[in-house]
Amino acid sequence: MRSTFANVFQSLTVRNFRLFAAGQLVSVCGTWMMVVAQDWLVLSLTGDSASALGLITALQFAPLLLFTLHAGGLADRYDKRRLLMGANLSSCVLAVLLGVLVLAGGVRLWHVGLFALGLGLVNAVEVPARMSFVSELVGADLLPNASALSAAYFNSARVLGPAVAGLLIGWFGTGTVMLLNAVTYLATVAGLCLMRPAELHRTSDRPRRARVTDGIRHVAAQPDLLLPLALVAVVGMLGFNFQLTLPLLAKTVFHADVAAFGLLTTALAVGSLGAAFATTLRRGRPPLGLVIGTAAVFGALEMLAGLAPTYTTAGVLLFLTGFASICFAQAANHRIQLGADPAYRGRVMALYTLVFQGTTPLGALVIGGLAASLGARSGLLIGGTASLLAAGVALAVHLRGARRGADTAGAGEPRDTIHPDTPSRGSPPVAPMAPVAAPPAVRDE
């Protein structure tokens with residue numbers, strides 16, 4: 001038991017990662033408070049408009065679609081720690097400005113849209129830098145554990161943030177919550193400042209020119225990276241729209257108040273947290289079949305959540321959906337990140353971010369429009385169905401590729417041929433695929 005506990009928290013023995021995780025826990029808790037406050041503010045300003053909420057969500061994620069690939073090049077070329085400091089300070093300023101507007105009583109929907117767009121621009125730089133920075137904090141051997149612990153603190157914040165936000169909004173209003181969120185960004189900045197740069201696991205040389213096209217070619221040369229990325233794109237675009245679907249489900253289907261809405265979000269987050277801790281025991285690169293299987297389970301559970309007859313049933317199903325969502329996101333993240341050459345990792349994770357989060361504006365507009373005409377439940381039903389179908393297509397493609405590989409091997413394949421589950425010559429060797437300890441997306445990661 002003691003050995004298992006130590007393995008779960010192994011990355012926390014690294015001082016730099018402890019500082020990073022502590023700051024992120026505080027900051028992400030504030031971010032989830034902000035998500036609840038922003039969604040509730042939009043619904044209050046527009047009379048519960050699903051289309052308006054979809055538009056704000058689209059504005060917040062649109063910069064990820066447009067600029068993340070270039071930001072991945074910045075992460076490979078420049079100091080990730082300094083990039084993260086600048087991003088968090090910028091987010092702090094934006095949150096202060098919006099909070100002051102709300103408290104002054106002058107906020108309008110277009111103000112919220114501008115804030116969402118500005119935060120999206122910051123996130124386009126912050127997300128690929130943060131995701132690739134984890135490997136610099138702990139090294140390749142501890143990367144799966146550190147990544148899973150990152151998901152754990154992220155989802156711990158998803159448990160605390162919405163629940164606390166629901167109470168604080170009822171007591172003090174959305175503006176106060178936004179100002180509290182601004183303060184929490186400083187925790188991450190403090191952690192980054194206290195780190196010891198000499199202890200970071202950095203590559204010897206940064207490229208003078210980190211071109212986006214080189215990163216795309218690196219991924220295109222490895223079929224075992226392309227298929228999980230395609231699956232992530234579909235699930236991320238249509239399945240991971242909880243910021244849009246949950247407030248609509250809570251307010252228009254179950255007629256819940258802000259505190260009850262916070263509890264639905266918390267149920268999803270508690271399930272995600274359980275999955276994050278389960279995946280801390282993973283060692284090595286997960287098999288592609290695990291990525292596909294967890295996507296299928298997630299899609300089926302999301303469909304059931306959309307059909308939930310009562311508030312309590314919805315909470316239980318959202319708990320299970322949250323568990324499956326993080327299992328899928330972590331399996332895909334580890335599969336892709338551990339298959340990429342470290343010199344390209346910033347750009348590869350930028351591409352991962354692009355297809356996972358950058359496609360959200362398209363999904364938010366589609367799901368928001370359908371929910372406006374077909375009802376709030378349709379958002380979860382369509383997202384779950386699309387995820388399940390995408391997993392089926394990915395499985396068919398994977399099995400066809402495996403059969404072709406077997407036929408080629410039987411015909412006398414040369415030894416140096418690259419198989420779908422083998423990294424390219426430009427990639428570092430990875431640990432053997434290992435089963436996870438338990439059955440398998442802000443998404444995070």
# chains A, B, ... in the order shown; residues from 1 in each chain; ligands from 1
>>> residues_around(residues="Ile169 in chain A", least_positions_apart="5", cutoff="12 Å", atoms="only C-alpha atoms", output="mmCIF file with C-alpha atoms, in the first residue's frame")
data_model
loop_
_atom_site.group_PDB
_atom_site.id
_atom_site.type_symbol
_atom_site.label_atom_id
_atom_site.label_comp_id
_atom_site.auth_asym_id
_atom_site.auth_seq_id
_atom_site.Cartn_x
_atom_site.Cartn_y
_atom_site.Cartn_z
ATOM 1 C CA MET A 33 -14.810 29.736 -10.520
ATOM 2 C CA MET A 34 -14.491 32.110 -13.454
ATOM 3 C CA VAL A 35 -16.053 29.613 -15.868
ATOM 4 C CA VAL A 36 -19.177 29.325 -13.701
ATOM 5 C CA ALA A 37 -19.342 33.099 -13.173
ATOM 6 C CA GLN A 38 -18.921 33.870 -16.878
ATOM 7 C CA ASP A 39 -21.524 31.322 -17.988
ATOM 8 C CA TRP A 40 -24.021 32.542 -15.407
ATOM 9 C CA LEU A 41 -23.386 36.154 -16.390
ATOM 10 C CA GLY A 161 -14.032 25.832 -8.045
ATOM 11 C CA PRO A 162 -17.630 25.421 -9.290
ATOM 12 C CA ALA A 163 -18.967 24.470 -5.849
ATOM 13 C CA VAL A 164 -17.353 27.521 -4.229
ATOM 14 C CA THR A 174 -20.228 37.363 -10.393
ATOM 15 C CA GLY A 175 -17.951 40.414 -10.277
ATOM 16 C CA THR A 176 -16.394 39.471 -6.934
ATOM 17 C CA VAL A 177 -15.699 35.942 -8.174
ATOM 18 C CA MET A 178 -13.910 37.363 -11.219
ATOM 19 C CA LEU A 179 -11.644 39.506 -9.039
ATOM 20 C CA LEU A 180 -10.823 36.492 -6.854
ATOM 21 C CA ASP A 257 -30.318 27.483 -9.378
ATOM 22 C CA VAL A 258 -26.656 28.469 -9.604
ATOM 23 C CA ALA A 259 -25.648 26.299 -6.617
ATOM 24 C CA PHE A 261 -25.557 23.978 -11.489
ATOM 25 C CA GLY A 262 -22.241 24.100 -9.638
#
>>> atom_distance(atom1="CA of Ala116 in chain A", atom2="CA of Leu380 in chain A")
23.1 Å
>>> closest_residue(among="A:Val270, A:Phe133, A:Thr313, A:Ala260", to="Ala165 in chain A", atoms="only C-alpha atoms")
A:Ala260
>>> residues_around(residues="Phe67 in chain A", least_positions_apart="4", cutoff="9 Å", atoms="only C-alpha atoms", output="PyMOL selection string")
chain A and resi 62-63+71-72+121+124-125+354
>>> write_last_selection(atoms="N, CA and C atoms", output="compact mmCIF listing (two decimals), in the first residue's frame")
# COMPACT_ATOMS: atom_id res chain seq x y z
N ALA A 62 -11.54 30.34 -30.18
CA ALA A 62 -11.12 30.63 -31.55
C ALA A 62 -9.63 30.91 -31.68
N PRO A 63 -9.02 31.68 -30.77
CA PRO A 63 -7.57 31.91 -30.91
C PRO A 63 -6.74 30.63 -30.86
N ALA A 71 2.26 29.28 -31.57
CA ALA A 71 2.67 29.32 -30.17
C ALA A 71 3.50 28.10 -29.81
N GLY A 72 3.23 26.95 -30.42
CA GLY A 72 4.05 25.77 -30.20
C GLY A 72 5.49 26.00 -30.63
N LEU A 121 -6.59 34.33 -26.60
CA LEU A 121 -5.28 34.66 -27.16
C LEU A 121 -4.16 34.27 -26.19
N ALA A 124 -3.78 30.50 -26.08
CA ALA A 124 -3.12 29.94 -27.26
C ALA A 124 -1.62 29.81 -27.05
N VAL A 125 -1.04 30.73 -26.27
CA VAL A 125 0.38 30.66 -25.94
C VAL A 125 0.61 29.78 -24.71
N LEU A 354 -4.49 22.16 -30.63
CA LEU A 354 -5.30 22.69 -31.73
C LEU A 354 -6.49 21.77 -32.02
>>> closest_residue(among="A:Gly401, A:Gly369, A:Pro223, A:Gly306", to="Ala340 in chain A", atoms="only C-alpha atoms")
A:Pro223
>>> residues_around(residues="Met237 in chain A", least_positions_apart="2", cutoff="6 Å", atoms="only C-alpha atoms", output="list in words")
Ala233, Val234, Val235, Thr359, Thr360 and Gly363 of chain A
>>> write_last_selection(atoms="N, CA, C and O atoms", output="mmCIF file, in the first residue's frame")
data_model
loop_
_atom_site.group_PDB
_atom_site.id
_atom_site.type_symbol
_atom_site.label_atom_id
_atom_site.label_comp_id
_atom_site.auth_asym_id
_atom_site.auth_seq_id
_atom_site.Cartn_x
_atom_site.Cartn_y
_atom_site.Cartn_z
ATOM 1 N N ALA A 233 -9.560 15.088 -32.300
ATOM 2 C CA ALA A 233 -10.217 16.214 -32.968
ATOM 3 C C ALA A 233 -11.737 16.087 -32.912
ATOM 4 O O ALA A 233 -12.445 17.043 -32.583
ATOM 5 N N VAL A 234 -12.263 14.904 -33.226
ATOM 6 C CA VAL A 234 -13.717 14.710 -33.235
ATOM 7 C C VAL A 234 -14.292 14.778 -31.820
ATOM 8 O O VAL A 234 -15.282 15.479 -31.562
ATOM 9 N N VAL A 235 -13.669 14.048 -30.896
ATOM 10 C CA VAL A 235 -14.175 14.026 -29.518
ATOM 11 C C VAL A 235 -14.067 15.412 -28.889
ATOM 12 O O VAL A 235 -14.979 15.871 -28.198
ATOM 13 N N THR A 359 -10.636 23.241 -31.876
ATOM 14 C CA THR A 359 -11.847 22.961 -32.642
ATOM 15 C C THR A 359 -13.118 23.276 -31.855
ATOM 16 O O THR A 359 -14.223 23.180 -32.396
ATOM 17 N N THR A 360 -12.973 23.675 -30.588
ATOM 18 C CA THR A 360 -14.143 23.964 -29.754
ATOM 19 C C THR A 360 -15.030 25.063 -30.317
ATOM 20 O O THR A 360 -16.254 24.966 -30.192
ATOM 21 N N GLY A 363 -17.324 23.385 -32.681
ATOM 22 C CA GLY A 363 -18.259 22.535 -31.948
ATOM 23 C C GLY A 363 -19.249 23.334 -31.142
ATOM 24 O O GLY A 363 -20.434 22.980 -31.065
#
>>> closest_residue(among="A:Ala87, A:Ala300, A:Leu248, A:Leu186", to="Gly375 in chain A", atoms="only C-alpha atoms")
A:Leu248
>>> select_by_dssp(residues="range 227-424 of chain A", states="helix (DSSP H, G or I)", output="ChimeraX atom specification")
/A:227-239,242-253,258-281,288-306,311-337,342-358,360-374,377-410
>>> closest_residue(among="A:Phe172, A:Arg130, A:Arg217, A:Thr252", to="Leu103 in chain A", atoms="only C-alpha atoms")
A:Phe172
>>> residues_around(residues="Ser132 in chain A", least_positions_apart="4", cutoff="9 Å", atoms="only C-alpha atoms", output="JSON list (two decimals) with all heavy atoms, in the first residue's frame")
[["chain", "number", "residue", "atom", "x", "y", "z"],
["A", 72, "GLY", "N", 3.23, 26.95, -30.42],
["A", 72, "GLY", "CA", 4.05, 25.77, -30.20],
["A", 72, "GLY", "C", 5.49, 26.00, -30.63],
["A", 72, "GLY", "O", 6.44, 25.54, -29.98],
["A", 75, "ALA", "N", 7.16, 27.90, -27.93],
["A", 75, "ALA", "CA", 7.50, 27.05, -26.79],
["A", 75, "ALA", "C", 8.77, 26.25, -27.06],
["A", 75, "ALA", "O", 9.55, 25.99, -26.13],
["A", 75, "ALA", "CB", 6.34, 26.10, -26.49],
["A", 76, "ASP", "N", 9.01, 25.84, -28.30],
["A", 76, "ASP", "CA", 10.24, 25.11, -28.63],
["A", 76, "ASP", "C", 11.45, 26.04, -28.71],
["A", 76, "ASP", "O", 12.58, 25.62, -28.46],
["A", 76, "ASP", "CB", 10.07, 24.38, -29.96],
["A", 76, "ASP", "CG", 9.27, 23.09, -29.83],
["A", 76, "ASP", "OD1", 9.25, 22.52, -28.72],
["A", 76, "ASP", "OD2", 8.67, 22.67, -30.83],
["A", 80, "LYS", "N", 10.22, 28.36, -21.73],
["A", 80, "LYS", "CA", 8.81, 28.09, -21.42],
["A", 80, "LYS", "C", 8.40, 28.71, -20.08],
["A", 80, "LYS", "O", 7.26, 29.14, -19.92],
["A", 80, "LYS", "CB", 8.56, 26.58, -21.40],
["A", 80, "LYS", "CG", 8.80, 25.88, -22.73],
["A", 80, "LYS", "CD", 8.58, 24.39, -22.61],
["A", 80, "LYS", "CE", 8.85, 23.65, -23.91],
["A", 80, "LYS", "NZ", 10.27, 23.71, -24.32],
["A", 127, "VAL", "N", -1.18, 27.22, -23.22],
["A", 127, "VAL", "CA", -1.47, 25.78, -23.17],
["A", 127, "VAL", "C", -0.33, 24.92, -23.73],
["A", 127, "VAL", "O", 0.14, 24.00, -23.05],
["A", 127, "VAL", "CB", -2.81, 25.47, -23.87],
["A", 127, "VAL", "CG1", -3.03, 23.97, -23.98],
["A", 127, "VAL", "CG2", -3.96, 26.10, -23.09],
["A", 128, "PRO", "N", 0.15, 25.14, -24.97],
["A", 128, "PRO", "CA", 1.25, 24.29, -25.44],
["A", 128, "PRO", "C", 2.53, 24.47, -24.63],
["A", 128, "PRO", "O", 3.28, 23.51, -24.43],
["A", 128, "PRO", "CB", 1.44, 24.71, -26.90],
["A", 128, "PRO", "CG", 0.83, 26.05, -27.01],
["A", 128, "PRO", "CD", -0.29, 26.08, -26.02],
["A", 136, "GLU", "N", 9.96, 19.10, -19.00],
["A", 136, "GLU", "CA", 11.17, 19.77, -18.52],
["A", 136, "GLU", "C", 11.26, 19.75, -16.99],
["A", 136, "GLU", "O", 12.34, 19.75, -16.42],
["A", 136, "GLU", "CB", 11.21, 21.22, -19.01],
["A", 136, "GLU", "CG", 11.44, 21.36, -20.50],
["A", 136, "GLU", "CD", 11.74, 22.79, -20.91],
["A", 136, "GLU", "OE1", 11.82, 23.66, -20.00],
["A", 136, "GLU", "OE2", 11.90, 23.05, -22.11],
["A", 337, "GLN", "N", 2.44, 12.40, -26.80],
["A", 337, "GLN", "CA", 3.61, 13.11, -26.28],
["A", 337, "GLN", "C", 4.83, 12.20, -26.19],
["A", 337, "GLN", "O", 5.95, 12.61, -26.50],
["A", 337, "GLN", "CB", 3.30, 13.71, -24.91],
["A", 337, "GLN", "CG", 4.38, 14.66, -24.43],
["A", 337, "GLN", "CD", 3.94, 15.59, -23.32],
["A", 337, "GLN", "OE1", 4.72, 16.44, -22.89],
["A", 337, "GLN", "NE2", 2.72, 15.47, -22.84],
["A", 342, "PRO", "N", 11.64, 15.03, -28.53],
["A", 342, "PRO", "CA", 11.64, 16.18, -27.62],
["A", 342, "PRO", "C", 11.89, 17.52, -28.31],
["A", 342, "PRO", "O", 11.35, 18.55, -27.88],
["A", 342, "PRO", "CB", 12.79, 15.85, -26.64],
["A", 342, "PRO", "CG", 12.86, 14.37, -26.64],
["A", 342, "PRO", "CD", 12.52, 13.95, -28.05],
["A", 345, "ARG", "N", 8.51, 18.66, -29.38],
["A", 345, "ARG", "CA", 7.40, 18.41, -28.45],
["A", 345, "ARG", "C", 6.48, 19.61, -28.29],
["A", 345, "ARG", "O", 5.27, 19.46, -28.18],
["A", 345, "ARG", "CB", 7.95, 17.96, -27.09],
["A", 345, "ARG", "CG", 6.88, 17.43, -26.15],
["A", 345, "ARG", "CD", 7.51, 16.64, -25.03],
["A", 345, "ARG", "NE", 7.92, 15.32, -25.46],
["A", 345, "ARG", "CZ", 8.89, 14.61, -24.89],
["A", 345, "ARG", "NH1", 9.56, 15.12, -23.88],
["A", 345, "ARG", "NH2", 9.18, 13.40, -25.33],
["A", 346, "GLY", "N", 7.04, 20.81, -28.26],
["A", 346, "GLY", "CA", 6.19, 21.99, -28.15],
["A", 346, "GLY", "C", 5.23, 22.11, -29.32],
["A", 346, "GLY", "O", 4.04, 22.39, -29.14],
["A", 347, "ARG", "N", 5.74, 21.86, -30.53],
["A", 347, "ARG", "CA", 4.88, 21.96, -31.72],
["A", 347, "ARG", "C", 3.90, 20.79, -31.81],
["A", 347, "ARG", "O", 2.75, 20.96, -32.23],
["A", 347, "ARG", "CB", 5.75, 22.03, -32.97],
["A", 347, "ARG", "CG", 6.33, 23.42, -33.23],
["A", 347, "ARG", "CD", 7.50, 23.41, -34.19],
["A", 347, "ARG", "NE", 8.70, 22.88, -33.54],
["A", 347, "ARG", "CZ", 9.87, 22.74, -34.15],
["A", 347, "ARG", "NH1", 9.98, 23.08, -35.43],
["A", 347, "ARG", "NH2", 10.91, 22.27, -33.50],
["A", 348, "VAL", "N", 4.33, 19.61, -31.38],
["A", 348, "VAL", "CA", 3.41, 18.46, -31.39],
["A", 348, "VAL", "C", 2.28, 18.69, -30.40],
["A", 348, "VAL", "O", 1.11, 18.44, -30.70],
["A", 348, "VAL", "CB", 4.18, 17.16, -31.07],
["A", 348, "VAL", "CG1", 3.20, 16.01, -30.84],
["A", 348, "VAL", "CG2", 5.13, 16.81, -32.21],
["A", 349, "MET", "N", 2.61, 19.19, -29.20],
["A", 349, "MET", "CA", 1.55, 19.44, -28.22],
["A", 349, "MET", "C", 0.70, 20.64, -28.62],
["A", 349, "MET", "O", -0.48, 20.72, -28.24],
["A", 349, "MET", "CB", 2.16, 19.65, -26.83],
["A", 349, "MET", "CG", 2.88, 18.42, -26.28],
["A", 349, "MET", "SD", 1.97, 16.86, -26.55],
["A", 349, "MET", "CE", 0.54, 17.11, -25.48],
["A", 350, "ALA", "N", 1.26, 21.55, -29.39],
["A", 350, "ALA", "CA", 0.44, 22.63, -29.94],
["A", 350, "ALA", "C", -0.58, 22.07, -30.93],
["A", 350, "ALA", "O", -1.74, 22.50, -30.95],
["A", 350, "ALA", "CB", 1.32, 23.68, -30.62]]
>>> residues_around(residues="Ser27 in chain A", least_positions_apart="6", cutoff="12 Å", atoms="only C-alpha atoms", output="PDB file with N, CA, C and O atoms, in the first residue's frame")
ATOM      1  N   PHE A  20       5.245  24.073  -9.113  1.00  0.00           N
ATOM      2  CA  PHE A  20       4.341  24.256 -10.253  1.00  0.00           C
ATOM      3  C   PHE A  20       2.947  23.741  -9.931  1.00  0.00           C
ATOM      4  O   PHE A  20       1.942  24.425 -10.178  1.00  0.00           O
ATOM      5  N   ALA A  21       2.861  22.548  -9.358  1.00  0.00           N
ATOM      6  CA  ALA A  21       1.566  21.948  -9.055  1.00  0.00           C
ATOM      7  C   ALA A  21       0.801  22.759  -8.014  1.00  0.00           C
ATOM      8  O   ALA A  21      -0.419  22.947  -8.132  1.00  0.00           O
ATOM      9  N   MET A  33     -13.863  28.780 -11.084  1.00  0.00           N
ATOM     10  CA  MET A  33     -14.810  29.736 -10.520  1.00  0.00           C
ATOM     11  C   MET A  33     -15.219  30.745 -11.585  1.00  0.00           C
ATOM     12  O   MET A  33     -16.383  31.130 -11.699  1.00  0.00           O
ATOM     13  N   MET A  34     -14.238  31.143 -12.393  1.00  0.00           N
ATOM     14  CA  MET A  34     -14.491  32.110 -13.454  1.00  0.00           C
ATOM     15  C   MET A  34     -15.398  31.526 -14.531  1.00  0.00           C
ATOM     16  O   MET A  34     -16.263  32.222 -15.082  1.00  0.00           O
ATOM     17  N   ASN A  88       0.260  34.160 -17.524  1.00  0.00           N
ATOM     18  CA  ASN A  88      -0.544  34.232 -16.302  1.00  0.00           C
ATOM     19  C   ASN A  88      -0.758  35.671 -15.842  1.00  0.00           C
ATOM     20  O   ASN A  88      -1.837  36.015 -15.351  1.00  0.00           O
ATOM     21  N   LEU A  89       0.243  36.509 -15.988  1.00  0.00           N
ATOM     22  CA  LEU A  89       0.069  37.914 -15.640  1.00  0.00           C
ATOM     23  C   LEU A  89      -0.938  38.587 -16.568  1.00  0.00           C
ATOM     24  O   LEU A  89      -1.760  39.412 -16.133  1.00  0.00           O
ATOM     25  N   SER A  91      -3.494  37.107 -18.077  1.00  0.00           N
ATOM     26  CA  SER A  91      -4.823  36.619 -17.684  1.00  0.00           C
ATOM     27  C   SER A  91      -5.318  37.334 -16.437  1.00  0.00           C
ATOM     28  O   SER A  91      -6.511  37.633 -16.305  1.00  0.00           O
ATOM     29  N   CYS A  92      -4.409  37.624 -15.513  1.00  0.00           N
ATOM     30  CA  CYS A  92      -4.758  38.348 -14.301  1.00  0.00           C
ATOM     31  C   CYS A  92      -5.332  39.724 -14.633  1.00  0.00           C
ATOM     32  O   CYS A  92      -6.368  40.131 -14.109  1.00  0.00           O
ATOM     33  N   TYR A 153      -4.727  17.605 -10.177  1.00  0.00           N
ATOM     34  CA  TYR A 153      -4.947  18.910  -9.550  1.00  0.00           C
ATOM     35  C   TYR A 153      -5.909  19.753 -10.375  1.00  0.00           C
ATOM     36  O   TYR A 153      -6.688  20.548  -9.837  1.00  0.00           O
ATOM     37  N   PHE A 154      -5.882  19.572 -11.687  1.00  0.00           N
ATOM     38  CA  PHE A 154      -6.840  20.283 -12.535  1.00  0.00           C
ATOM     39  C   PHE A 154      -8.270  19.914 -12.156  1.00  0.00           C
ATOM     40  O   PHE A 154      -9.141  20.782 -12.011  1.00  0.00           O
ATOM     41  N   SER A 156      -9.204  18.427  -9.292  1.00  0.00           N
ATOM     42  CA  SER A 156      -9.466  18.846  -7.912  1.00  0.00           C
ATOM     43  C   SER A 156     -10.010  20.269  -7.912  1.00  0.00           C
ATOM     44  O   SER A 156     -10.955  20.600  -7.183  1.00  0.00           O
ATOM     45  N   ALA A 157      -9.411  21.107  -8.755  1.00  0.00           N
ATOM     46  CA  ALA A 157      -9.889  22.478  -8.884  1.00  0.00           C
ATOM     47  C   ALA A 157     -11.291  22.515  -9.481  1.00  0.00           C
ATOM     48  O   ALA A 157     -12.110  23.366  -9.121  1.00  0.00           O
ATOM     49  N   ARG A 158     -11.578  21.576 -10.395  1.00  0.00           N
ATOM     50  CA  ARG A 158     -12.927  21.519 -10.970  1.00  0.00           C
ATOM     51  C   ARG A 158     -13.961  21.096  -9.929  1.00  0.00           C
ATOM     52  O   ARG A 158     -15.143  21.418 -10.051  1.00  0.00           O
ATOM     53  N   LEU A 160     -13.579  21.865  -6.526  1.00  0.00           N
ATOM     54  CA  LEU A 160     -13.694  22.969  -5.578  1.00  0.00           C
ATOM     55  C   LEU A 160     -14.242  24.240  -6.230  1.00  0.00           C
ATOM     56  O   LEU A 160     -15.119  24.906  -5.669  1.00  0.00           O
ATOM     57  N   GLY A 161     -13.697  24.565  -7.416  1.00  0.00           N
ATOM     58  CA  GLY A 161     -14.032  25.832  -8.045  1.00  0.00           C
ATOM     59  C   GLY A 161     -15.515  26.065  -8.279  1.00  0.00           C
ATOM     60  O   GLY A 161     -16.084  27.048  -7.774  1.00  0.00           O
ATOM     61  N   LEU A 180     -11.526  37.561  -7.568  1.00  0.00           N
ATOM     62  CA  LEU A 180     -10.823  36.492  -6.854  1.00  0.00           C
ATOM     63  C   LEU A 180     -10.019  35.628  -7.832  1.00  0.00           C
ATOM     64  O   LEU A 180      -8.892  35.215  -7.542  1.00  0.00           O
ATOM     65  N   ASN A 181     -10.583  35.374  -8.984  1.00  0.00           N
ATOM     66  CA  ASN A 181      -9.866  34.609 -10.006  1.00  0.00           C
ATOM     67  C   ASN A 181      -8.591  35.330 -10.420  1.00  0.00           C
ATOM     68  O   ASN A 181      -7.537  34.696 -10.618  1.00  0.00           O
ATOM     69  N   ALA A 182      -8.654  36.642 -10.544  1.00  0.00           N
ATOM     70  CA  ALA A 182      -7.465  37.413 -10.931  1.00  0.00           C
ATOM     71  C   ALA A 182      -6.329  37.204  -9.935  1.00  0.00           C
ATOM     72  O   ALA A 182      -5.163  37.054 -10.326  1.00  0.00           O
ATOM     73  N   VAL A 183      -6.663  37.162  -8.657  1.00  0.00           N
ATOM     74  CA  VAL A 183      -5.635  36.988  -7.626  1.00  0.00           C
ATOM     75  C   VAL A 183      -4.983  35.609  -7.725  1.00  0.00           C
ATOM     76  O   VAL A 183      -3.771  35.459  -7.505  1.00  0.00           O
ATOM     77  N   THR A 184      -5.771  34.591  -8.083  1.00  0.00           N
ATOM     78  CA  THR A 184      -5.231  33.224  -8.091  1.00  0.00           C
ATOM     79  C   THR A 184      -4.160  33.016  -9.159  1.00  0.00           C
ATOM     80  O   THR A 184      -3.325  32.119  -9.026  1.00  0.00           O
ATOM     81  N   TYR A 185      -4.176  33.815 -10.229  1.00  0.00           N
ATOM     82  CA  TYR A 185      -3.122  33.675 -11.246  1.00  0.00           C
ATOM     83  C   TYR A 185      -1.739  33.946 -10.665  1.00  0.00           C
ATOM     84  O   TYR A 185      -0.729  33.426 -11.156  1.00  0.00           O
ATOM     85  N   LEU A 186      -1.676  34.774  -9.625  1.00  0.00           N
ATOM     86  CA  LEU A 186      -0.390  35.128  -9.036  1.00  0.00           C
ATOM     87  C   LEU A 186       0.261  33.941  -8.345  1.00  0.00           C
ATOM     88  O   LEU A 186       1.484  33.927  -8.150  1.00  0.00           O
ATOM     89  N   ALA A 187      -0.536  32.929  -7.953  1.00  0.00           N
ATOM     90  CA  ALA A 187       0.043  31.740  -7.326  1.00  0.00           C
ATOM     91  C   ALA A 187       0.937  30.994  -8.308  1.00  0.00           C
ATOM     92  O   ALA A 187       2.031  30.535  -7.948  1.00  0.00           O
ATOM     93  N   THR A 188       0.490  30.863  -9.548  1.00  0.00           N
ATOM     94  CA  THR A 188       1.322  30.207 -10.570  1.00  0.00           C
ATOM     95  C   THR A 188       2.585  31.013 -10.848  1.00  0.00           C
ATOM     96  O   THR A 188       3.689  30.452 -10.979  1.00  0.00           O
ATOM     97  N   VAL A 189       2.452  32.335 -10.930  1.00  0.00           N
ATOM     98  CA  VAL A 189       3.614  33.183 -11.173  1.00  0.00           C
ATOM     99  C   VAL A 189       4.632  33.030 -10.047  1.00  0.00           C
ATOM    100  O   VAL A 189       5.849  32.929 -10.284  1.00  0.00           O
ATOM    101  N   ALA A 190       4.147  32.988  -8.799  1.00  0.00           N
ATOM    102  CA  ALA A 190       5.050  32.820  -7.657  1.00  0.00           C
ATOM    103  C   ALA A 190       5.792  31.486  -7.736  1.00  0.00           C
ATOM    104  O   ALA A 190       7.002  31.415  -7.497  1.00  0.00           O
ATOM    105  N   GLY A 191       5.078  30.414  -8.056  1.00  0.00           N
ATOM    106  CA  GLY A 191       5.710  29.108  -8.179  1.00  0.00           C
ATOM    107  C   GLY A 191       6.783  29.088  -9.255  1.00  0.00           C
ATOM    108  O   GLY A 191       7.867  28.522  -9.068  1.00  0.00           O
TER     109      GLY A 191
END
>>> residues_around(residues="Gly368 in chain A", least_positions_apart="5", cutoff="12 Å", atoms="only C-alpha atoms", output="ChimeraX atom specification")
/A:48-58,238,241-248,360-363,373-380,382-383
>>> closest_residue(among="A:Asn155, A:Ser44, A:Arg81, A:Leu249", to="Leu25 in chain A", atoms="only C-alpha atoms")
A:Asn155
>>> atom_distance(atom1="CA of Leu119 in chain A", atom2="CA of Phe61 in chain A")
8.7 Å
>>> decode(residues="range 280-289 of chain A", atoms="N, CA and C atoms", output="PDB file, in the first residue's frame")
ATOM      1  N   THR A 280      -2.199   7.825 -12.685  1.00  0.00           N
ATOM      2  CA  THR A 280      -0.859   8.143 -12.187  1.00  0.00           C
ATOM      3  C   THR A 280       0.033   6.904 -12.132  1.00  0.00           C
ATOM      4  N   LEU A 281      -0.570   5.714 -12.094  1.00  0.00           N
ATOM      5  CA  LEU A 281       0.207   4.485 -11.998  1.00  0.00           C
ATOM      6  C   LEU A 281       0.709   3.998 -13.355  1.00  0.00           C
ATOM      7  N   ARG A 282       0.322   4.683 -14.414  1.00  0.00           N
ATOM      8  CA  ARG A 282       0.761   4.257 -15.752  1.00  0.00           C
ATOM      9  C   ARG A 282       2.250   4.491 -15.917  1.00  0.00           C
ATOM     10  N   ARG A 283       2.898   3.533 -16.541  1.00  0.00           N
ATOM     11  CA  ARG A 283       4.302   3.668 -16.903  1.00  0.00           C
ATOM     12  C   ARG A 283       4.446   3.319 -18.377  1.00  0.00           C
ATOM     13  N   GLY A 284       5.121   4.134 -19.111  1.00  0.00           N
ATOM     14  CA  GLY A 284       5.317   3.869 -20.525  1.00  0.00           C
ATOM     15  C   GLY A 284       4.179   4.398 -21.375  1.00  0.00           C
ATOM     16  N   ARG A 285       4.304   4.154 -22.650  1.00  0.00           N
ATOM     17  CA  ARG A 285       3.367   4.680 -23.639  1.00  0.00           C
ATOM     18  C   ARG A 285       2.157   3.762 -23.774  1.00  0.00           C
ATOM     19  N   PRO A 286       0.926   4.275 -23.632  1.00  0.00           N
ATOM     20  CA  PRO A 286      -0.255   3.412 -23.712  1.00  0.00           C
ATOM     21  C   PRO A 286      -0.518   2.937 -25.136  1.00  0.00           C
ATOM     22  N   PRO A 287      -1.122   1.770 -25.310  1.00  0.00           N
ATOM     23  CA  PRO A 287      -1.432   1.272 -26.657  1.00  0.00           C
ATOM     24  C   PRO A 287      -2.562   2.064 -27.302  1.00  0.00           C
ATOM     25  N   LEU A 288      -2.588   2.043 -28.610  1.00  0.00           N
ATOM     26  CA  LEU A 288      -3.613   2.769 -29.351  1.00  0.00           C
ATOM     27  C   LEU A 288      -5.001   2.217 -29.044  1.00  0.00           C
ATOM     28  N   GLY A 289      -5.111   0.902 -28.807  1.00  0.00           N
ATOM     29  CA  GLY A 289      -6.409   0.317 -28.486  1.00  0.00           C
ATOM     30  C   GLY A 289      -7.024   0.920 -27.248  1.00  0.00           C
TER      31      GLY A 289
END
